[in-house]
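Next comes input-v7.csv, with CSV, N, CA, C and O atoms.
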```csv
chain,number,residue,atom,x,y,z
A,1,MET,N,-13.7,43.5,99.9
A,1,MET,CA,-13.5,42.2,99.5
A,1,MET,C,-14.3,41.9,98.2
A,1,MET,O,-15.4,42.4,98.1
A,2,THR,N,-13.8,41.0,97.4
A,2,THR,CA,-14.6,40.6,96.2
A,2,THR,C,-15.0,39.1,96.3
A,2,THR,O,-14.4,38.4,97.1
A,3,PRO,N,-15.9,38.7,95.5
A,3,PRO,CA,-16.4,37.3,95.6
A,3,PRO,C,-15.3,36.3,95.3
A,3,PRO,O,-15.3,35.2,95.7
A,4,ASP,N,-14.2,36.8,94.6
A,4,ASP,CA,-13.1,35.8,94.2
A,4,ASP,C,-12.1,35.7,95.3
A,4,ASP,O,-11.2,34.9,95.2
A,5,ASP,N,-12.1,36.6,96.3
A,5,ASP,CA,-11.2,36.6,97.4
A,5,ASP,C,-11.3,35.3,98.2
A,5,ASP,O,-12.4,34.7,98.3
A,6,VAL,N,-10.1,34.8,98.6
A,6,VAL,CA,-10.1,33.5,99.3
A,6,VAL,C,-9.7,33.8,100.8
A,6,VAL,O,-8.5,34.2,101.1
A,7,PRO,N,-10.6,33.7,101.7
A,7,PRO,CA,-10.3,33.9,103.1
A,7,PRO,C,-9.7,32.7,103.8
A,7,PRO,O,-10.0,31.5,103.4
A,8,TYR,N,-8.9,32.9,104.8
A,8,TYR,CA,-8.3,31.8,105.6
A,8,TYR,C,-7.9,32.2,107.0
A,8,TYR,O,-7.8,33.4,107.2
A,9,LEU,N,-7.8,31.2,107.8
A,9,LEU,CA,-7.3,31.5,109.2
A,9,LEU,C,-5.8,31.6,109.2
A,9,LEU,O,-5.2,30.6,108.9
A,10,PRO,N,-5.2,32.7,109.6
A,10,PRO,CA,-3.8,32.8,109.6
A,10,PRO,C,-3.2,31.9,110.8
A,10,PRO,O,-3.9,31.5,111.7
A,11,ARG,N,-1.9,31.8,110.7
A,11,ARG,CA,-1.1,31.1,111.8
A,11,ARG,C,-1.5,31.7,113.1
A,11,ARG,O,-1.5,33.0,113.3
A,12,GLY,N,-1.8,30.9,114.1
A,12,GLY,CA,-2.1,31.5,115.4
A,12,GLY,C,-3.5,31.6,115.7
A,12,GLY,O,-3.9,32.0,116.8
A,13,VAL,N,-4.4,31.4,114.7
A,13,VAL,CA,-5.8,31.5,114.9
A,13,VAL,C,-6.4,30.1,114.6
A,13,VAL,O,-6.1,29.4,113.6
A,14,ARG,N,-7.3,29.7,115.5
A,14,ARG,CA,-7.9,28.4,115.3
A,14,ARG,C,-9.3,28.4,116.0
A,14,ARG,O,-9.6,29.2,116.8
A,15,THR,N,-10.1,27.4,115.6
A,15,THR,CA,-11.4,27.2,116.2
A,15,THR,C,-11.3,26.1,117.2
A,15,THR,O,-10.5,25.2,117.2
A,16,GLN,N,-12.2,26.2,118.2
A,16,GLN,CA,-12.2,25.2,119.3
A,16,GLN,C,-13.6,25.2,119.9
A,16,GLN,O,-14.3,26.2,119.9
A,17,PHE,N,-14.0,24.0,120.4
A,17,PHE,CA,-15.3,23.9,121.1
A,17,PHE,C,-14.9,24.1,122.6
A,17,PHE,O,-14.1,23.3,123.1
A,18,ASP,N,-15.5,25.1,123.2
A,18,ASP,CA,-15.3,25.3,124.6
A,18,ASP,C,-16.3,24.4,125.4
A,18,ASP,O,-17.5,24.7,125.5
A,19,ALA,N,-15.7,23.4,126.1
A,19,ALA,CA,-16.6,22.4,126.7
A,19,ALA,C,-17.2,23.0,128.0
A,19,ALA,O,-18.3,22.5,128.3
A,20,VAL,N,-16.6,24.0,128.6
A,20,VAL,CA,-17.2,24.5,129.8
A,20,VAL,C,-18.5,25.3,129.5
A,20,VAL,O,-19.5,25.1,130.1
A,21,ARG,N,-18.4,26.1,128.5
A,21,ARG,CA,-19.6,26.9,128.1
A,21,ARG,C,-20.4,26.3,127.0
A,21,ARG,O,-21.5,26.8,126.7
A,22,LYS,N,-19.9,25.2,126.4
A,22,LYS,CA,-20.6,24.5,125.3
A,22,LYS,C,-20.9,25.5,124.2
A,22,LYS,O,-22.0,25.6,123.7
A,23,VAL,N,-19.8,26.2,123.8
A,23,VAL,CA,-19.9,27.1,122.6
A,23,VAL,C,-18.7,26.9,121.8
A,23,VAL,O,-17.7,26.4,122.2
A,24,ASP,N,-18.9,27.2,120.5
A,24,ASP,CA,-17.7,27.2,119.6
A,24,ASP,C,-17.1,28.6,119.6
A,24,ASP,O,-17.8,29.6,119.6
A,25,VAL,N,-15.8,28.6,119.7
A,25,VAL,CA,-15.0,29.8,119.7
A,25,VAL,C,-14.0,29.8,118.6
A,25,VAL,O,-13.5,28.8,118.1
A,26,ILE,N,-13.5,31.0,118.3
A,26,ILE,CA,-12.4,31.2,117.4
A,26,ILE,C,-11.3,31.9,118.3
A,26,ILE,O,-11.6,33.0,118.9
A,27,LEU,N,-10.2,31.3,118.4
A,27,LEU,CA,-9.1,31.8,119.2
A,27,LEU,C,-8.0,32.5,118.4
A,27,LEU,O,-7.5,31.9,117.4
A,28,GLY,N,-7.7,33.7,118.8
A,28,GLY,CA,-6.6,34.4,118.1
A,28,GLY,C,-5.7,35.0,119.2
A,28,GLY,O,-5.9,34.8,120.4
A,29,PRO,N,-4.7,35.7,118.7
A,29,PRO,CA,-3.8,36.3,119.7
A,29,PRO,C,-4.5,37.3,120.6
A,29,PRO,O,-5.0,38.3,120.2
A,30,GLU,N,-4.6,36.9,121.9
A,30,GLU,CA,-5.2,37.8,122.9
A,30,GLU,C,-6.6,38.1,122.6
A,30,GLU,O,-7.1,39.2,123.0
A,31,ARG,N,-7.3,37.2,121.9
A,31,ARG,CA,-8.7,37.5,121.6
A,31,ARG,C,-9.5,36.2,121.4
A,31,ARG,O,-9.0,35.2,120.9
A,32,VAL,N,-10.7,36.2,121.9
A,32,VAL,CA,-11.6,35.1,121.8
A,32,VAL,C,-12.9,35.5,121.3
A,32,VAL,O,-13.5,36.5,121.9
A,33,LEU,N,-13.4,34.9,120.3
A,33,LEU,CA,-14.8,35.3,119.8
A,33,LEU,C,-15.7,34.0,119.9
A,33,LEU,O,-15.3,32.9,119.5
A,34,VAL,N,-16.9,34.2,120.5
A,34,VAL,CA,-17.8,33.1,120.5
A,34,VAL,C,-18.7,33.2,119.2
A,34,VAL,O,-19.2,34.2,118.9
A,35,LEU,N,-18.7,32.0,118.6
A,35,LEU,CA,-19.4,31.9,117.3
A,35,LEU,C,-20.8,31.4,117.5
A,35,LEU,O,-21.0,30.4,118.3
A,36,ASP,N,-21.8,31.9,116.8
A,36,ASP,CA,-23.1,31.3,116.8
A,36,ASP,C,-23.1,30.2,115.8
A,36,ASP,O,-22.1,29.9,115.1
A,37,GLN,N,-24.2,29.5,115.6
A,37,GLN,CA,-24.2,28.3,114.8
A,37,GLN,C,-23.9,28.6,113.3
A,37,GLN,O,-23.1,27.9,112.7
A,38,VAL,N,-24.4,29.7,112.8
A,38,VAL,CA,-24.1,30.1,111.5
A,38,VAL,C,-22.7,30.6,111.3
A,38,VAL,O,-22.0,30.3,110.3
A,39,GLY,N,-22.3,31.3,112.3
A,39,GLY,CA,-20.9,31.8,112.3
A,39,GLY,C,-19.9,30.6,112.2
A,39,GLY,O,-18.9,30.7,111.5
A,40,LYS,N,-20.2,29.6,113.0
A,40,LYS,CA,-19.3,28.4,113.0
A,40,LYS,C,-19.3,27.7,111.6
A,40,LYS,O,-18.3,27.3,111.1
A,41,ALA,N,-20.5,27.7,110.9
A,41,ALA,CA,-20.6,27.1,109.6
A,41,ALA,C,-19.8,27.9,108.6
A,41,ALA,O,-19.1,27.3,107.7
A,42,VAL,N,-19.7,29.2,108.8
A,42,VAL,CA,-18.9,30.1,107.8
A,42,VAL,C,-17.5,29.8,108.1
A,42,VAL,O,-16.7,29.5,107.2
A,43,VAL,N,-17.1,30.0,109.4
A,43,VAL,CA,-15.6,29.8,109.7
A,43,VAL,C,-15.1,28.5,109.3
A,43,VAL,O,-14.0,28.3,108.9
A,44,GLY,N,-15.9,27.5,109.5
A,44,GLY,CA,-15.5,26.1,109.2
A,44,GLY,C,-15.2,25.9,107.7
A,44,GLY,O,-14.6,24.9,107.3
A,45,ARG,N,-15.6,26.9,106.9
A,45,ARG,CA,-15.4,26.8,105.4
A,45,ARG,C,-14.3,27.7,105.0
A,45,ARG,O,-14.0,27.7,103.8
A,46,LEU,N,-13.6,28.3,105.9
A,46,LEU,CA,-12.5,29.2,105.5
A,46,LEU,C,-11.2,28.3,105.4
A,46,LEU,O,-10.4,28.4,106.3
A,47,ASP,N,-11.1,27.6,104.4
A,47,ASP,CA,-10.0,26.6,104.3
A,47,ASP,C,-8.8,27.1,103.4
A,47,ASP,O,-7.9,26.3,103.2
A,48,GLY,N,-8.9,28.3,103.0
A,48,GLY,CA,-7.8,28.8,102.2
A,48,GLY,C,-7.9,28.4,100.7
A,48,GLY,O,-7.0,28.7,99.9
A,49,GLU,N,-8.9,27.6,100.4
A,49,GLU,CA,-9.1,27.1,99.0
A,49,GLU,C,-10.3,27.7,98.4
A,49,GLU,O,-10.3,28.1,97.2
A,50,ALA,N,-11.4,27.8,99.2
A,50,ALA,CA,-12.7,28.2,98.6
A,50,ALA,C,-12.8,29.8,98.6
A,50,ALA,O,-12.3,30.4,99.6
A,51,SER,N,-13.3,30.3,97.6
A,51,SER,CA,-13.5,31.8,97.5
A,51,SER,C,-14.8,32.1,98.2
A,51,SER,O,-15.6,31.3,98.6
A,52,LEU,N,-14.9,33.4,98.5
A,52,LEU,CA,-16.2,33.9,99.2
A,52,LEU,C,-17.4,33.4,98.4
A,52,LEU,O,-18.4,33.0,99.0
A,53,ALA,N,-17.3,33.5,97.1
A,53,ALA,CA,-18.5,33.1,96.2
A,53,ALA,C,-18.8,31.7,96.4
A,53,ALA,O,-20.0,31.3,96.5
A,54,GLU,N,-17.8,30.8,96.4
A,54,GLU,CA,-18.0,29.4,96.6
A,54,GLU,C,-18.5,29.1,98.0
A,54,GLU,O,-19.4,28.2,98.1
A,55,ILE,N,-18.0,29.7,99.0
A,55,ILE,CA,-18.5,29.5,100.4
A,55,ILE,C,-20.0,29.9,100.4
A,55,ILE,O,-20.8,29.2,101.0
A,56,SER,N,-20.3,31.0,99.9
A,56,SER,CA,-21.7,31.5,99.9
A,56,SER,C,-22.6,30.5,99.2
A,56,SER,O,-23.7,30.2,99.6
A,57,ALA,N,-22.2,30.0,98.0
A,57,ALA,CA,-23.0,29.1,97.2
A,57,ALA,C,-23.2,27.8,98.0
A,57,ALA,O,-24.3,27.2,98.0
A,58,ASP,N,-22.1,27.3,98.7
A,58,ASP,CA,-22.3,26.1,99.5
A,58,ASP,C,-23.3,26.3,100.6
A,58,ASP,O,-24.1,25.5,100.8
A,59,LEU,N,-23.1,27.4,101.3
A,59,LEU,CA,-24.0,27.7,102.4
A,59,LEU,C,-25.5,27.9,101.9
A,59,LEU,O,-26.4,27.5,102.6
A,60,ALA,N,-25.6,28.4,100.8
A,60,ALA,CA,-27.0,28.6,100.2
A,60,ALA,C,-27.7,27.3,100.0
A,60,ALA,O,-28.9,27.1,100.2
A,61,GLN,N,-26.9,26.3,99.6
A,61,GLN,CA,-27.4,24.9,99.4
A,61,GLN,C,-27.7,24.3,100.8
A,61,GLN,O,-28.8,23.7,101.0
A,62,VAL,N,-26.8,24.4,101.7
A,62,VAL,CA,-27.0,23.8,103.0
A,62,VAL,C,-28.2,24.4,103.7
A,62,VAL,O,-29.0,23.6,104.3
A,63,TYR,N,-28.4,25.7,103.6
A,63,TYR,CA,-29.4,26.4,104.4
A,63,TYR,C,-30.7,26.6,103.5
A,63,TYR,O,-31.6,27.2,104.0
A,64,ASP,N,-30.6,26.1,102.3
A,64,ASP,CA,-31.8,26.2,101.4
A,64,ASP,C,-32.3,27.7,101.4
A,64,ASP,O,-33.4,28.0,101.6
A,65,ALA,N,-31.3,28.6,101.1
A,65,ALA,CA,-31.7,30.0,101.1
A,65,ALA,C,-31.1,30.7,99.9
A,65,ALA,O,-30.1,30.1,99.3
A,66,PRO,N,-31.6,31.8,99.4
A,66,PRO,CA,-31.1,32.4,98.2
A,66,PRO,C,-29.7,32.9,98.4
A,66,PRO,O,-29.4,33.5,99.4
A,67,VAL,N,-28.8,32.7,97.4
A,67,VAL,CA,-27.4,33.1,97.5
A,67,VAL,C,-27.3,34.6,97.6
A,67,VAL,O,-26.4,35.1,98.2
A,68,ASP,N,-28.2,35.3,97.0
A,68,ASP,CA,-28.1,36.8,97.0
A,68,ASP,C,-28.5,37.3,98.4
A,68,ASP,O,-28.3,38.5,98.7
A,69,VAL,N,-29.1,36.5,99.3
A,69,VAL,CA,-29.3,36.9,100.7
A,69,VAL,C,-28.0,36.5,101.5
A,69,VAL,O,-27.6,37.3,102.3
A,70,ILE,N,-27.5,35.3,101.2
A,70,ILE,CA,-26.4,34.8,102.0
A,70,ILE,C,-25.1,35.5,101.7
A,70,ILE,O,-24.3,35.8,102.6
A,71,ALA,N,-24.8,35.8,100.5
A,71,ALA,CA,-23.5,36.3,100.1
A,71,ALA,C,-23.2,37.6,100.8
A,71,ALA,O,-22.1,37.8,101.3
A,72,PRO,N,-24.1,38.6,100.9
A,72,PRO,CA,-23.8,39.8,101.6
A,72,PRO,C,-23.5,39.6,103.1
A,72,PRO,O,-22.6,40.2,103.7
A,73,ASP,N,-24.3,38.7,103.7
A,73,ASP,CA,-24.1,38.4,105.1
A,73,ASP,C,-22.7,37.7,105.3
A,73,ASP,O,-22.0,38.1,106.3
A,74,VAL,N,-22.3,36.8,104.5
A,74,VAL,CA,-21.1,36.1,104.6
A,74,VAL,C,-19.9,37.1,104.4
A,74,VAL,O,-18.9,37.1,105.1
A,75,THR,N,-20.0,38.0,103.4
A,75,THR,CA,-19.0,38.9,103.1
A,75,THR,C,-18.8,39.9,104.3
A,75,THR,O,-17.7,40.1,104.7
A,76,ALA,N,-19.9,40.4,104.8
A,76,ALA,CA,-19.8,41.3,106.0
A,76,ALA,C,-19.2,40.6,107.2
A,76,ALA,O,-18.4,41.2,107.9
A,77,PHE,N,-19.6,39.4,107.4
A,77,PHE,CA,-19.1,38.6,108.5
A,77,PHE,C,-17.5,38.4,108.4
A,77,PHE,O,-16.8,38.6,109.3
A,78,VAL,N,-17.1,38.0,107.2
A,78,VAL,CA,-15.7,37.7,107.0
A,78,VAL,C,-14.9,39.0,107.1
A,78,VAL,O,-13.8,39.0,107.6
A,79,GLU,N,-15.5,40.1,106.5
A,79,GLU,CA,-14.8,41.4,106.6
A,79,GLU,C,-14.6,41.8,108.1
A,79,GLU,O,-13.5,42.3,108.4
A,80,ASP,N,-15.6,41.5,108.9
A,80,ASP,CA,-15.5,41.9,110.3
A,80,ASP,C,-14.4,41.1,111.0
A,80,ASP,O,-13.6,41.6,111.7
A,81,LEU,N,-14.4,39.8,110.7
A,81,LEU,CA,-13.3,38.9,111.2
A,81,LEU,C,-11.9,39.4,110.7
A,81,LEU,O,-11.0,39.4,111.5
A,82,ARG,N,-11.9,39.8,109.5
A,82,ARG,CA,-10.6,40.3,108.9
A,82,ARG,C,-10.2,41.6,109.7
A,82,ARG,O,-9.0,41.7,110.1
A,83,ASP,N,-11.1,42.4,109.9
A,83,ASP,CA,-10.8,43.7,110.6
A,83,ASP,C,-10.4,43.4,112.0
A,83,ASP,O,-9.7,44.3,112.6
A,84,ARG,N,-10.8,42.3,112.6
A,84,ARG,CA,-10.4,42.0,114.0
A,84,ARG,C,-9.2,41.1,114.0
A,84,ARG,O,-8.7,40.6,115.1
A,85,GLY,N,-8.6,40.9,112.8
A,85,GLY,CA,-7.3,40.2,112.8
A,85,GLY,C,-7.4,38.7,112.8
A,85,GLY,O,-6.4,38.0,112.9
A,86,MET,N,-8.6,38.2,112.7
A,86,MET,CA,-8.8,36.7,112.9
A,86,MET,C,-8.8,36.0,111.5
A,86,MET,O,-8.8,34.8,111.5
A,87,VAL,N,-8.9,36.7,110.5
A,87,VAL,CA,-9.0,36.1,109.1
A,87,VAL,C,-8.1,36.9,108.2
A,87,VAL,O,-8.0,38.2,108.3
A,88,HIS,N,-7.3,36.2,107.4
A,88,HIS,CA,-6.6,36.9,106.3
A,88,HIS,C,-7.2,36.5,105.0
A,88,HIS,O,-8.0,35.5,104.9
A,89,VAL,N,-7.0,37.3,104.0
A,89,VAL,CA,-7.6,37.1,102.7
A,89,VAL,C,-6.5,37.2,101.6
A,89,VAL,O,-5.6,38.1,101.7
A,90,ARG,N,-6.6,36.3,100.6
A,90,ARG,CA,-5.7,36.4,99.5
A,90,ARG,C,-6.5,36.4,98.2
A,90,ARG,O,-7.6,35.8,98.2
A,91,PRO,N,-6.0,37.1,97.2
A,91,PRO,CA,-6.8,37.1,95.9
A,91,PRO,C,-6.6,35.7,95.3
A,91,PRO,O,-5.6,35.0,95.5
A,92,ARG,N,-7.6,35.3,94.5
A,92,ARG,CA,-7.5,34.0,93.9
A,92,ARG,C,-6.4,34.0,92.8
A,92,ARG,O,-6.3,35.0,92.1
B,1,MET,N,-32.4,23.9,109.3
B,1,MET,CA,-31.7,25.0,109.9
B,1,MET,C,-32.0,26.3,109.0
B,1,MET,O,-32.0,26.2,107.8
B,2,ALA,N,-32.3,27.3,109.7
B,2,ALA,CA,-32.7,28.6,109.0
B,2,ALA,C,-31.4,29.5,109.0
B,2,ALA,O,-30.6,29.5,109.9
B,3,TRP,N,-31.3,30.2,107.9
B,3,TRP,CA,-30.2,31.1,107.8
B,3,TRP,C,-30.4,32.4,108.6
B,3,TRP,O,-31.5,33.0,108.5
B,4,THR,N,-29.5,32.7,109.4
B,4,THR,CA,-29.5,34.0,110.1
B,4,THR,C,-28.1,34.7,109.9
B,4,THR,O,-27.2,34.0,109.6
B,5,LYS,N,-28.0,36.0,110.1
B,5,LYS,CA,-26.7,36.6,110.0
B,5,LYS,C,-25.7,36.0,110.9
B,5,LYS,O,-26.0,35.9,112.1
B,6,PRO,N,-24.6,35.6,110.4
B,6,PRO,CA,-23.6,35.0,111.4
B,6,PRO,C,-23.0,36.0,112.3
B,6,PRO,O,-22.9,37.2,112.0
B,7,LYS,N,-22.8,35.5,113.5
B,7,LYS,CA,-22.3,36.5,114.6
B,7,LYS,C,-21.0,35.9,115.3
B,7,LYS,O,-20.9,34.7,115.4
B,8,ALA,N,-20.2,36.8,115.7
B,8,ALA,CA,-19.0,36.4,116.5
B,8,ALA,C,-18.9,37.5,117.6
B,8,ALA,O,-18.6,38.7,117.3
B,9,ARG,N,-19.1,37.0,118.8
B,9,ARG,CA,-19.1,37.9,120.0
B,9,ARG,C,-17.8,37.8,120.7
B,9,ARG,O,-17.4,36.8,121.1
B,10,GLU,N,-17.2,39.0,120.9
B,10,GLU,CA,-15.9,39.0,121.6
B,10,GLU,C,-16.1,38.8,123.1
B,10,GLU,O,-16.9,39.4,123.7
B,11,VAL,N,-15.2,38.0,123.7
B,11,VAL,CA,-15.2,37.9,125.2
B,11,VAL,C,-13.8,38.1,125.6
B,11,VAL,O,-12.8,38.1,124.9
```

Could you render the structure from this file as structure tokens?
Amino acid sequence: MTPDDVPYLPRGVRTQFDAVRKVDVILGPERVLVLDQVGKAVVGRLDGEASLAEISADLAQVYDAPVDVIAPDVTAFVEDLRDRGMVHVRPR
Amino acid sequence: MAWTKPKAREV
């Protein structure tokens, strides 16, 4: 994936707060992933408009952390979700 | 909030 790629949740994938366990989850076909707090922050920004670079820059501001630390983590996380079929990516 | 590597654990 490149910084200009735009990730998004495809049809059939959505996020939800699981009230029983009090965790945020991402629901896909026959698959449920529990997100930690940072994972939720990343997934919440996959709106199909923002590029990976823009998402990383936004999170760097929110978390007051260097973007060169955050960008590789965000990219690896989104690639993992893509490999699990929970995220699709389109070029800008 | 501190930045940590984001995680998604499958259940």

Tell me the residues of chain B close to chain A, meaning within 4.5 Å using all atoms listed in the file, as a list in words.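 Here they are: Met1, Pro6, Lys7, Ala8, Arg9, Glu10 and Val11 of chain B.
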
If you keep N, CA, C and O atoms, can you produce a file of those selected residues as a PDB file, in the coordinates of the input?
```
ATOM      1  N   MET B   1     -32.400  23.900 109.300  1.00  0.00           N
ATOM      2  CA  MET B   1     -31.700  25.000 109.900  1.00  0.00           C
ATOM      3  C   MET B   1     -32.000  26.300 109.000  1.00  0.00           C
ATOM      4  O   MET B   1     -32.000  26.200 107.800  1.00  0.00           O
ATOM      5  N   PRO B   6     -24.600  35.600 110.400  1.00  0.00           N
ATOM      6  CA  PRO B   6     -23.600  35.000 111.400  1.00  0.00           C
ATOM      7  C   PRO B   6     -23.000  36.000 112.300  1.00  0.00           C
ATOM      8  O   PRO B   6     -22.900  37.200 112.000  1.00  0.00           O
ATOM      9  N   LYS B   7     -22.800  35.500 113.500  1.00  0.00           N
ATOM     10  CA  LYS B   7     -22.300  36.500 114.600  1.00  0.00           C
ATOM     11  C   LYS B   7     -21.000  35.900 115.300  1.00  0.00           C
ATOM     12  O   LYS B   7     -20.900  34.700 115.400  1.00  0.00           O
ATOM     13  N   ALA B   8     -20.200  36.800 115.700  1.00  0.00           N
ATOM     14  CA  ALA B   8     -19.000  36.400 116.500  1.00  0.00           C
ATOM     15  C   ALA B   8     -18.900  37.500 117.600  1.00  0.00           C
ATOM     16  O   ALA B   8     -18.600  38.700 117.300  1.00  0.00           O
ATOM     17  N   ARG B   9     -19.100  37.000 118.800  1.00  0.00           N
ATOM     18  CA  ARG B   9     -19.100  37.900 120.000  1.00  0.00           C
ATOM     19  C   ARG B   9     -17.800  37.800 120.700  1.00  0.00           C
ATOM     20  O   ARG B   9     -17.400  36.800 121.100  1.00  0.00           O
ATOM     21  N   GLU B  10     -17.200  39.000 120.900  1.00  0.00           N
ATOM     22  CA  GLU B  10     -15.900  39.000 121.600  1.00  0.00           C
ATOM     23  C   GLU B  10     -16.100  38.800 123.100  1.00  0.00           C
ATOM     24  O   GLU B  10     -16.900  39.400 123.700  1.00  0.00           O
ATOM     25  N   VAL B  11     -15.200  38.000 123.700  1.00  0.00           N
ATOM     26  CA  VAL B  11     -15.200  37.900 125.200  1.00  0.00           C
ATOM     27  C   VAL B  11     -13.800  38.100 125.600  1.00  0.00           C
ATOM     28  O   VAL B  11     -12.800  38.100 124.900  1.00  0.00           O
TER      29      VAL B  11
END
```

In Å, with one decimal, what is the gap from atom N of Asp4 (chain A) to atom N of Glu30 (chain A)? 28.9 Å

What is the atom O of Ser56 (chain A)-CA of Lys22 (chain A) distance in Å, reported with one decimal? 26.5 Å

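The spacing separating CA of Val20 (chain A) from CA of Arg45 (chain A) amounts to 24.6 Å.
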
Could you pull out the residues in region 23-89 of chain A that DSSP calls alpha helix (DSSP H) from the backbone, as an NGL selection string? :A and (37-43 or 52-63 or 67-83)

Taking (-12.5, 26.3, 119.5) in the file's coordinates as the center, which residues reach within 7 Å of it, counting all atoms listed in the file, put as a list in words? Arg14, Thr15, Gln16, Phe17, Asp18, Val23, Asp24, Val25, Ile26 and Leu27 of chain A

Axis-aligned box for region 36-53 of chain A, 3 Å per side, centre and edges in Å as AutoDock Vina command-line options:
```
--center_x -15.7 --center_y 29.4 --center_z 106.5 --size_x 23.4 --size_y 15.0 --size_z 26.6
```

Run DSSP on the backbone and give me the residues of chain A it puts in strand (DSSP E or B), as a PyMOL selection string. chain A and resi 6-8+14-18+23-28+31-35+47+88-90

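The list of residues with at least one atom within 7 Å of Asp47 (chain A), based on all atoms listed in the file and without residues fewer than 6 positions apart in the same chain, reads Pro7, Tyr8 and Leu9 of chain A.
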
Counting only C-alpha atoms, the option among A:Leu46, A:Ala57, A:Leu52, A:Pro29 closest to Thr2 (chain A):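 Among the listed residues, A:Leu52 lies closest to Thr2 (chain A).
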